[in-house]
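Colleague: Next comes protein-v3.pdb, PDB, C-alpha atoms, pLDDT in the B column:
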ATOM      1  CA  MET A  10     199.791  33.638 141.124  1.00 61.00           C
ATOM      2  CA  LYS A  11     200.164  33.124 144.861  1.00 75.00           C
ATOM      3  CA  ARG A  12     199.952  35.940 147.411  1.00 79.00           C
ATOM      4  CA  GLU A  13     199.888  36.006 151.187  1.00 84.00           C
ATOM      5  CA  ILE A  14     197.009  38.031 152.568  1.00 85.00           C
ATOM      6  CA  VAL A  15     196.450  38.922 156.217  1.00 86.00           C
ATOM      7  CA  VAL A  16     192.784  39.259 157.231  1.00 85.00           C
ATOM      8  CA  GLU A  17     192.153  40.416 160.799  1.00 83.00           C
ATOM      9  CA  GLY A  18     195.634  39.204 161.800  1.00 83.00           C
ATOM     10  CA  LYS A  19     195.347  35.717 160.250  1.00 88.00           C
ATOM     11  CA  THR A  20     197.545  34.896 157.234  1.00 88.00           C
ATOM     12  CA  TYR A  21     196.135  33.096 154.191  1.00 86.00           C
ATOM     13  CA  THR A  22     197.987  31.898 151.101  1.00 87.00           C
ATOM     14  CA  VAL A  23     195.740  32.656 148.135  1.00 83.00           C
ATOM     15  CA  GLU A  24     196.284  31.287 144.651  1.00 83.00           C
ATOM     16  CA  LEU A  25     194.194  32.915 141.967  1.00 72.00           C
ATOM     17  CA  ALA A  26     193.692  31.924 138.344  1.00 66.00           C
ATOM     18  CA  LYS A  27     193.045  34.533 135.655  1.00 61.00           C
ATOM     19  CA  CYS A  28     189.895  36.572 136.325  1.00 59.00           C
ATOM     20  CA  ASP A  29     187.339  37.196 133.599  1.00 57.00           C
ATOM     21  CA  ILE A  30     184.070  39.067 134.079  1.00 58.00           C
ATOM     22  CA  ASN A  31     181.082  36.640 134.182  1.00 61.00           C
ATOM     23  CA  SER A  32     183.355  33.578 133.820  1.00 68.00           C
ATOM     24  CA  PRO A  33     184.160  31.389 136.821  1.00 75.00           C
ATOM     25  CA  PHE A  34     187.782  31.351 137.911  1.00 76.00           C
ATOM     26  CA  SER A  35     189.564  29.136 140.399  1.00 80.00           C
ATOM     27  CA  VAL A  36     190.712  30.285 143.845  1.00 81.00           C
ATOM     28  CA  LYS A  37     192.693  28.146 146.269  1.00 84.00           C
ATOM     29  CA  VAL A  38     193.159  29.221 149.899  1.00 85.00           C
ATOM     30  CA  ASN A  39     195.906  27.576 151.957  1.00 86.00           C
ATOM     31  CA  ASP A  40     195.850  23.816 151.324  1.00 82.00           C
ATOM     32  CA  LYS A  41     192.083  23.582 150.800  1.00 84.00           C
ATOM     33  CA  PRO A  42     190.642  22.357 147.478  1.00 85.00           C
ATOM     34  CA  PRO A  43     190.111  25.132 144.892  1.00 83.00           C
ATOM     35  CA  PHE A  44     186.674  26.698 144.540  1.00 79.00           C
ATOM     36  CA  GLN A  45     185.001  28.619 141.721  1.00 81.00           C
ATOM     37  CA  VAL A  46     184.382  32.371 141.944  1.00 80.00           C
ATOM     38  CA  THR A  47     182.438  34.556 139.508  1.00 80.00           C
ATOM     39  CA  LEU A  48     182.848  38.304 139.266  1.00 75.00           C
ATOM     40  CA  GLU A  49     179.549  39.673 137.967  1.00 68.00           C
ATOM     41  CA  LYS A  50     180.762  43.106 136.873  1.00 66.00           C
ATOM     42  CA  GLU A  51     183.974  45.066 136.854  1.00 65.00           C
ATOM     43  CA  PRO A  52     184.896  46.172 140.383  1.00 63.00           C
ATOM     44  CA  ASP A  53     184.704  49.828 141.275  1.00 62.00           C
ATOM     45  CA  CYS A  54     186.231  51.060 144.543  1.00 63.00           C
ATOM     46  CA  LYS A  55     183.637  53.843 144.584  1.00 69.00           C
ATOM     47  CA  LYS A  56     180.677  51.472 145.018  1.00 79.00           C
ATOM     48  CA  PRO A  57     180.019  47.911 146.207  1.00 84.00           C
ATOM     49  CA  PHE A  58     180.382  45.013 143.799  1.00 80.00           C
ATOM     50  CA  THR A  59     179.371  41.357 144.017  1.00 83.00           C
ATOM     51  CA  ILE A  60     181.263  38.106 143.651  1.00 81.00           C
ATOM     52  CA  LYS A  61     179.698  34.664 143.737  1.00 83.00           C
ATOM     53  CA  ILE A  62     181.337  31.652 145.327  1.00 80.00           C
ATOM     54  CA  GLY A  63     179.338  28.803 143.903  1.00 76.00           C
ATOM     55  CA  GLU A  64     175.805  30.191 144.016  1.00 79.00           C
ATOM     56  CA  LYS A  65     176.307  32.337 147.150  1.00 85.00           C
ATOM     57  CA  PRO A  66     176.732  36.088 146.500  1.00 86.00           C
ATOM     58  CA  TYR A  67     179.081  38.282 148.550  1.00 84.00           C
ATOM     59  CA  VAL A  68     178.864  42.083 148.442  1.00 86.00           C
ATOM     60  CA  ILE A  69     182.344  43.640 148.613  1.00 84.00           C
ATOM     61  CA  GLU A  70     182.922  47.276 149.631  1.00 85.00           C
ATOM     62  CA  LEU A  71     186.357  48.862 149.212  1.00 80.00           C
ATOM     63  CA  THR A  72     187.502  52.442 149.496  1.00 76.00           C
ATOM     64  CA  LYS A  73     191.022  51.647 148.291  1.00 75.00           C
ATOM     65  CA  ILE A  74     193.596  48.865 148.146  1.00 73.00           C
ATOM     66  CA  ASP A  75     197.050  49.536 149.531  1.00 72.00           C
ATOM     67  CA  ARG A  76     199.953  47.119 149.097  1.00 71.00           C
ATOM     68  CA  GLN A  77     202.001  48.734 151.873  1.00 75.00           C
ATOM     69  CA  ALA A  78     199.484  49.217 154.675  1.00 80.00           C
ATOM     70  CA  PRO A  79     196.319  47.604 156.031  1.00 84.00           C
ATOM     71  CA  PHE A  80     193.100  48.766 154.378  1.00 82.00           C
ATOM     72  CA  PRO A  81     189.392  48.344 155.240  1.00 87.00           C
ATOM     73  CA  VAL A  82     187.122  45.898 153.400  1.00 85.00           C
ATOM     74  CA  LYS A  83     183.465  45.125 154.050  1.00 87.00           C
ATOM     75  CA  ILE A  84     182.107  41.734 153.005  1.00 85.00           C
ATOM     76  CA  ASN A  85     178.323  41.484 153.374  1.00 86.00           C
ATOM     77  CA  ASN A  86     178.497  44.517 155.694  1.00 86.00           C
ATOM     78  CA  ILE A  87     181.102  42.883 157.979  1.00 87.00           C
ATOM     79  CA  PRO A  88     184.116  45.215 158.352  1.00 87.00           C
ATOM     80  CA  LEU A  89     187.548  43.588 158.041  1.00 86.00           C
ATOM     81  CA  LYS A  90     191.129  44.846 158.040  1.00 88.00           C
ATOM     82  CA  VAL A  91     193.156  43.369 155.173  1.00 86.00           C
ATOM     83  CA  GLU A  92     196.800  43.662 154.198  1.00 87.00           C
ATOM     84  CA  PHE A  93     199.112  42.060 151.680  1.00 79.00           C
ATOM     85  CA  LYS A  94     202.317  40.506 152.963  1.00 79.00           C
ATOM     86  CA  PRO A  95     205.340  41.831 151.096  1.00 68.00           C
ATOM     87  CA  THR A  96     206.571  39.623 148.290  1.00 56.00           C
ATOM     88  CA  ALA A  97     210.208  38.741 147.724  1.00 43.00           C
ATOM     89  CA  THR A  98     210.275  41.237 144.851  1.00 37.00           C
ATOM     90  CA  LYS A  99     209.636  44.923 145.278  1.00 38.00           C
ATOM     91  CA  MET A 100     206.364  46.046 143.692  1.00 38.00           C
ATOM     92  CA  VAL A 101     205.013  49.534 143.081  1.00 43.00           C
ATOM     93  CA  ALA A 102     202.944  50.807 146.003  1.00 42.00           C
ATOM     94  CA  ALA A 103     199.724  51.551 144.189  1.00 41.00           C
ATOM     95  CA  PRO A 104     196.055  50.865 144.748  1.00 41.00           C
ATOM     96  CA  VAL A 105     194.830  48.570 142.018  1.00 42.00           C
ATOM     97  CA  SER A 106     191.732  46.713 141.054  1.00 42.00           C
ATOM     98  CA  PRO A 107     190.618  43.914 143.373  1.00 45.00           C
ATOM     99  CA  THR A 108     190.854  41.289 140.653  1.00 42.00           C
ATOM    100  CA  SER A 109     194.337  42.139 139.487  1.00 40.00           C
ATOM    101  CA  ILE A 110     196.185  42.596 142.750  1.00 40.00           C
ATOM    102  CA  LEU A 111     196.533  38.879 143.319  1.00 40.00           C
ATOM    103  CA  ILE A 112     197.687  38.011 139.824  1.00 37.00           C
ATOM    104  CA  GLN A 113     200.625  40.377 139.350  1.00 40.00           C
ATOM    105  CA  ARG A 114     203.824  38.960 137.973  1.00 39.00           C
ATOM    106  CA  PRO A 115     206.951  40.970 138.761  1.00 42.00           C
ATOM    107  CA  SER A 116     209.256  41.639 135.859  1.00 43.00           C
ATOM    108  CA  ARG A 117     213.013  42.113 135.918  1.00 37.00           C
ATOM    109  CA  LYS A 118     212.374  45.843 135.539  1.00 41.00           C
ATOM    110  CA  THR A 119     210.615  46.040 138.932  1.00 39.00           C
ATOM    111  CA  LEU A 120     213.726  44.625 140.575  1.00 44.00           C
ATOM    112  CA  GLU A 121     215.938  47.559 139.557  1.00 61.00           C
ATOM    113  CA  GLU A 122     216.317  50.148 142.310  1.00 73.00           C
ATOM    114  CA  GLY A 123     214.209  53.250 141.691  1.00 81.00           C
ATOM    115  CA  VAL A 124     212.199  51.833 138.793  1.00 86.00           C
ATOM    116  CA  VAL A 125     208.450  52.241 139.150  1.00 88.00           C
ATOM    117  CA  ALA A 126     206.785  49.779 136.804  1.00 87.00           C
ATOM    118  CA  ALA A 127     203.175  49.283 135.759  1.00 87.00           C
ATOM    119  CA  PRO A 128     201.535  46.799 138.152  1.00 84.00           C
ATOM    120  CA  MET A 129     199.067  45.816 135.404  1.00 85.00           C
ATOM    121  CA  ALA A 130     198.225  46.526 131.789  1.00 86.00           C
ATOM    122  CA  GLY A 131     196.219  49.685 131.174  1.00 88.00           C
ATOM    123  CA  LYS A 132     196.308  53.207 129.781  1.00 91.00           C
ATOM    124  CA  ILE A 133     198.135  56.174 131.297  1.00 93.00           C
ATOM    125  CA  ILE A 134     195.548  58.933 131.648  1.00 93.00           C
ATOM    126  CA  SER A 135     197.590  61.474 133.605  1.00 93.00           C
ATOM    127  CA  ILE A 136     201.233  62.068 134.509  1.00 94.00           C
ATOM    128  CA  LYS A 137     201.745  64.059 137.717  1.00 94.00           C
ATOM    129  CA  VAL A 138     205.552  64.542 137.667  1.00 95.00           C
ATOM    130  CA  ASN A 139     208.277  65.823 135.364  1.00 93.00           C
ATOM    131  CA  GLU A 140     211.932  64.904 135.046  1.00 93.00           C
ATOM    132  CA  GLY A 141     213.912  66.685 137.758  1.00 94.00           C
ATOM    133  CA  ASP A 142     210.984  66.892 140.209  1.00 94.00           C
ATOM    134  CA  SER A 143     211.630  66.022 143.837  1.00 94.00           C
ATOM    135  CA  VAL A 144     209.237  63.358 145.208  1.00 93.00           C
ATOM    136  CA  LYS A 145     208.556  61.797 148.589  1.00 91.00           C
ATOM    137  CA  ALA A 146     207.587  58.162 149.208  1.00 86.00           C
ATOM    138  CA  GLY A 147     203.871  57.817 148.550  1.00 87.00           C
ATOM    139  CA  ASP A 148     203.594  60.735 146.102  1.00 90.00           C
ATOM    140  CA  VAL A 149     201.410  60.074 143.052  1.00 91.00           C
ATOM    141  CA  LEU A 150     203.466  59.733 139.865  1.00 94.00           C
ATOM    142  CA  CYS A 151     200.719  58.988 137.366  1.00 93.00           C
ATOM    143  CA  ILE A 152     197.183  57.662 136.971  1.00 92.00           C
ATOM    144  CA  LEU A 153     196.741  54.285 135.252  1.00 91.00           C
ATOM    145  CA  GLU A 154     193.309  53.310 133.982  1.00 88.00           C
ATOM    146  CA  ALA A 155     192.655  49.558 134.042  1.00 82.00           C
ATOM    147  CA  MET A 156     189.350  47.718 134.093  1.00 75.00           C
ATOM    148  CA  LYS A 157     187.542  51.098 134.005  1.00 74.00           C
ATOM    149  CA  MET A 158     189.177  52.088 137.308  1.00 82.00           C
ATOM    150  CA  GLU A 159     191.646  54.901 137.881  1.00 84.00           C
ATOM    151  CA  ASN A 160     194.662  53.680 139.871  1.00 86.00           C
ATOM    152  CA  GLU A 161     197.133  56.057 141.476  1.00 88.00           C
ATOM    153  CA  ILE A 162     200.680  54.847 140.871  1.00 90.00           C
ATOM    154  CA  THR A 163     202.852  56.069 143.725  1.00 89.00           C
ATOM    155  CA  THR A 164     206.564  56.170 144.385  1.00 88.00           C
ATOM    156  CA  PRO A 165     207.893  53.670 146.923  1.00 85.00           C
ATOM    157  CA  LYS A 166     210.819  55.959 147.821  1.00 87.00           C
ATOM    158  CA  SER A 167     211.847  59.595 148.013  1.00 90.00           C
ATOM    159  CA  GLY A 168     214.213  61.056 145.438  1.00 92.00           C
ATOM    160  CA  ILE A 169     214.473  62.940 142.170  1.00 93.00           C
ATOM    161  CA  VAL A 170     212.557  61.928 139.034  1.00 93.00           C
ATOM    162  CA  GLU A 171     215.328  60.878 136.662  1.00 91.00           C
ATOM    163  CA  GLU A 172     213.111  59.691 133.803  1.00 90.00           C
ATOM    164  CA  VAL A 173     209.425  59.728 132.879  1.00 92.00           C
ATOM    165  CA  ALA A 174     209.032  56.839 130.450  1.00 89.00           C
ATOM    166  CA  ALA A 175     205.218  56.800 130.441  1.00 91.00           C
ATOM    167  CA  GLN A 176     203.194  58.989 128.096  1.00 91.00           C
ATOM    168  CA  GLU A 177     199.647  60.252 128.631  1.00 92.00           C
ATOM    169  CA  GLY A 178     197.117  58.422 126.475  1.00 91.00           C
ATOM    170  CA  LYS A 179     199.477  55.506 125.780  1.00 90.00           C
ATOM    171  CA  ALA A 180     198.816  51.882 126.693  1.00 89.00           C
ATOM    172  CA  VAL A 181     201.272  50.072 128.961  1.00 88.00           C
ATOM    173  CA  ASN A 182     201.804  46.432 129.759  1.00 86.00           C
ATOM    174  CA  GLU A 183     202.365  44.973 133.196  1.00 82.00           C
ATOM    175  CA  GLY A 184     206.021  45.504 134.127  1.00 82.00           C
ATOM    176  CA  ASP A 185     206.620  48.409 131.715  1.00 85.00           C
ATOM    177  CA  VAL A 186     208.795  51.144 133.204  1.00 88.00           C
ATOM    178  CA  LEU A 187     206.728  54.233 134.036  1.00 91.00           C
ATOM    179  CA  VAL A 188     209.127  56.422 136.036  1.00 92.00           C
ATOM    180  CA  VAL A 189     212.687  56.120 137.366  1.00 90.00           C
ATOM    181  CA  ILE A 190     213.466  57.707 140.759  1.00 91.00           C
ATOM    182  CA  LYS A 191     217.079  58.308 141.881  1.00 88.00           C
TER     183      LYS A 191
END
Let me see the structure of the file written as structure tokens.

Modeller:
Amino acid sequence: MKREIVVEGKTYTVELAKCDINSPFSVKVNDKPPFQVTLEKEPDCKKPFTIKIGEKPYVIELTKIDRQAPFPVKINNIPLKVEFKPTATKMVAAPVSPTSILIQRPSRKTLEEGVVAAPMAGKIISIKVNEGDSVKAGDVLCILEAMKMENEITTPKSGIVEEVAAQEGKAVNEGDVLVVIK
């Protein structure tokens, strides 16, 4: 999947192949030849993790990932400001794991107005709203556990919760409808 990422004001087109822990995967930046990256353990936004490009390790520190606003990243103790350029399709505004954010595939469900869909496969561990609740843009709707990380799924718009399709303890696939906001 291709994504446009802005790092310190400079835009990069990044194409990422499927990520597997301890298995090299291919990354292509702009029109440069692809290179191999290895993720040594599952990322955790609460503590630094390491990736290897070839044999060179890079320590990554994240506090969160935000698809709607710039967020801080430290790579080998160098602070950077990173943001994701909006895609042509509307995605849920939720922090997600570093390895999955670049490989999301929007479904038809995410294109419907007011539908908040799962940005990745995982398990719903907590639902924070009920049908009929009033929500504001950015409010947390539910918590999705994926790759041993808890991801807050937020609403991209204000409105009334029309439907809560997700269920606590149930697995969801990428693109599954979680909540509908009207």

Colleague: Can you work out the spacing between atom CA of A:Phe58 and atom CA of A:Gly184 in Å, to one decimal?

Modeller: 27.4 Å

Colleague: I'd like to know which of A:Glu172, A:Glu13, A:Glu177, A:Glu122 is closest to A:Leu25, using all atoms listed in the file.

Modeller: A:Glu13

Colleague: Which residues are near A:Ile62? Cut-off 6 Å, only C-alpha atoms, ignore same chain within fewer than 3 positions. Put them as a ChimeraX atom specification.

Modeller: /A:45-46,65

Colleague: As a PyMOL selection string, please: the residues near stretch 164-166 of chain A (cut-off 8 Å, all atoms listed in the file, same-chain neighbours under 5 positions excluded).

Modeller: chain A and resi 101-102+123+125+144-150+190

Colleague: So that I can check the surroundings of A:Ala127, please list as a PyMOL selection string every protein, DNA and RNA residue that reaches within 8 Å of it, counting all atoms listed in the file and ignoring chain neighbours fewer than 4 positions away.

Modeller: chain A and resi 101+162+181-187

Colleague: Which one of A:Val36, A:Ile169, A:Ala180, A:Ile14 sits closest to A:Val124 if you count only C-alpha atoms?

Modeller: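 Distance minimum relative to A:Val124 lands on A:Ile169.
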
Colleague: Report as a ChimeraX atom specification the residues that result from applying the PyMOL selection byres ((chain A and resi 178) around 9) to the structure here.

Modeller: /A:132-135,176-177,179-180

Colleague: Could the centre and edge lengths of an axis-aligned box, enclosing all atoms of stretch 69-73 of chain A in the file with 6 Å extra on each side, be given in Å to one decimal as lines of an AutoDock Vina configuration file?

Modeller:
center_x = 186.7
center_y = 48.0
center_z = 149.0
size_x = 20.7
size_y = 20.8
size_z = 13.3

Colleague: Tell me which of A:Val23, A:Val15, A:Lys61, A:Ile152 sits closest to A:Ala78, counting only C-alpha atoms.

Modeller: A:Val15
